[in-house]
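Structure file my_file_16.pdb with PDB, C-alpha atoms, pLDDT in the B column:
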MODEL        1
ATOM      1  CA  MET A   1     110.068  96.060 119.091  1.00 78.00           C
ATOM      2  CA  PHE A   2     106.347  95.454 119.577  1.00 89.00           C
ATOM      3  CA  VAL A   3     106.140  98.395 121.981  1.00 93.00           C
ATOM      4  CA  GLY A   4     107.500 100.726 119.275  1.00 94.00           C
ATOM      5  CA  ILE A   5     104.954  99.474 116.748  1.00 95.00           C
ATOM      6  CA  ILE A   6     102.065  99.828 119.224  1.00 96.00           C
ATOM      7  CA  SER A   7     103.150 103.319 120.291  1.00 96.00           C
ATOM      8  CA  SER A   8     103.493 104.468 116.674  1.00 97.00           C
ATOM      9  CA  VAL A   9     100.016 103.101 115.872  1.00 97.00           C
ATOM     10  CA  ILE A  10      98.558 104.920 118.894  1.00 98.00           C
ATOM     11  CA  VAL A  11     100.240 108.190 117.845  1.00 98.00           C
ATOM     12  CA  LEU A  12      98.945 107.843 114.272  1.00 98.00           C
ATOM     13  CA  GLY A  13      95.476 107.037 115.609  1.00 98.00           C
ATOM     14  CA  CYS A  14      95.467 110.142 117.820  1.00 98.00           C
ATOM     15  CA  ILE A  15      96.604 112.326 114.908  1.00 98.00           C
ATOM     16  CA  ALA A  16      93.915 110.859 112.631  1.00 98.00           C
ATOM     17  CA  ALA A  17      91.214 111.281 115.307  1.00 98.00           C
ATOM     18  CA  GLY A  18      92.254 114.888 115.931  1.00 97.00           C
ATOM     19  CA  TYR A  19      92.262 115.616 112.205  1.00 97.00           C
ATOM     20  CA  PHE A  20      88.738 114.224 111.749  1.00 97.00           C
ATOM     21  CA  ILE A  21      87.441 116.095 114.830  1.00 97.00           C
ATOM     22  CA  ILE A  22      88.948 119.400 113.637  1.00 97.00           C
ATOM     23  CA  SER A  23      87.698 118.942 110.060  1.00 97.00           C
ATOM     24  CA  ASP A  24      84.204 118.095 111.339  1.00 96.00           C
ATOM     25  CA  PHE A  25      84.260 121.139 113.655  1.00 95.00           C
ATOM     26  CA  VAL A  26      85.372 123.421 110.805  1.00 95.00           C
ATOM     27  CA  GLY A  27      82.664 121.947 108.570  1.00 94.00           C
ATOM     28  CA  LYS A  28      80.000 122.776 111.176  1.00 93.00           C
ATOM     29  CA  LEU A  29      81.288 126.357 111.460  1.00 92.00           C
ATOM     30  CA  GLU A  30      81.220 126.755 107.670  1.00 91.00           C
ATOM     31  CA  LYS A  31      77.603 125.534 107.545  1.00 88.00           C
ATOM     32  CA  LYS A  32      76.517 128.073 110.177  1.00 81.00           C
ATOM     33  CA  SER A  33      78.061 131.048 108.376  1.00 75.00           C
TER      34      SER A  33
ENDMDL
END

Do you think you could lay out the structure here as structure tokens?
Amino acid sequence: MFVGIISSVIVLGCIAAGYFIISDFVGKLEKKS
């Protein structure tokens, strides 16, 4: 049961990290243009 909770937290963390990295990258591109 704990393994499922930990794995779901890790997946959510990776999705959140990827979202912030992509949004930051897009923001930098928008500033350059």

Separation of CA of Asp24 (chain A) from CA of Val11 (chain A) in Å: 19.9 Å

Padded axis-aligned box of region 9-16 of chain A (4 Å per side), centre and edge lengths, Å, one decimal, as JSON:
{"center_x": 97.1, "center_y": 107.7, "center_z": 115.8, "size_x": 14.3, "size_y": 17.2, "size_z": 14.3}

Distance in Å - CA of Leu29 (chain A) versus CA of Ile15 (chain A):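 Those two atoms sit 21.1 Å apart.
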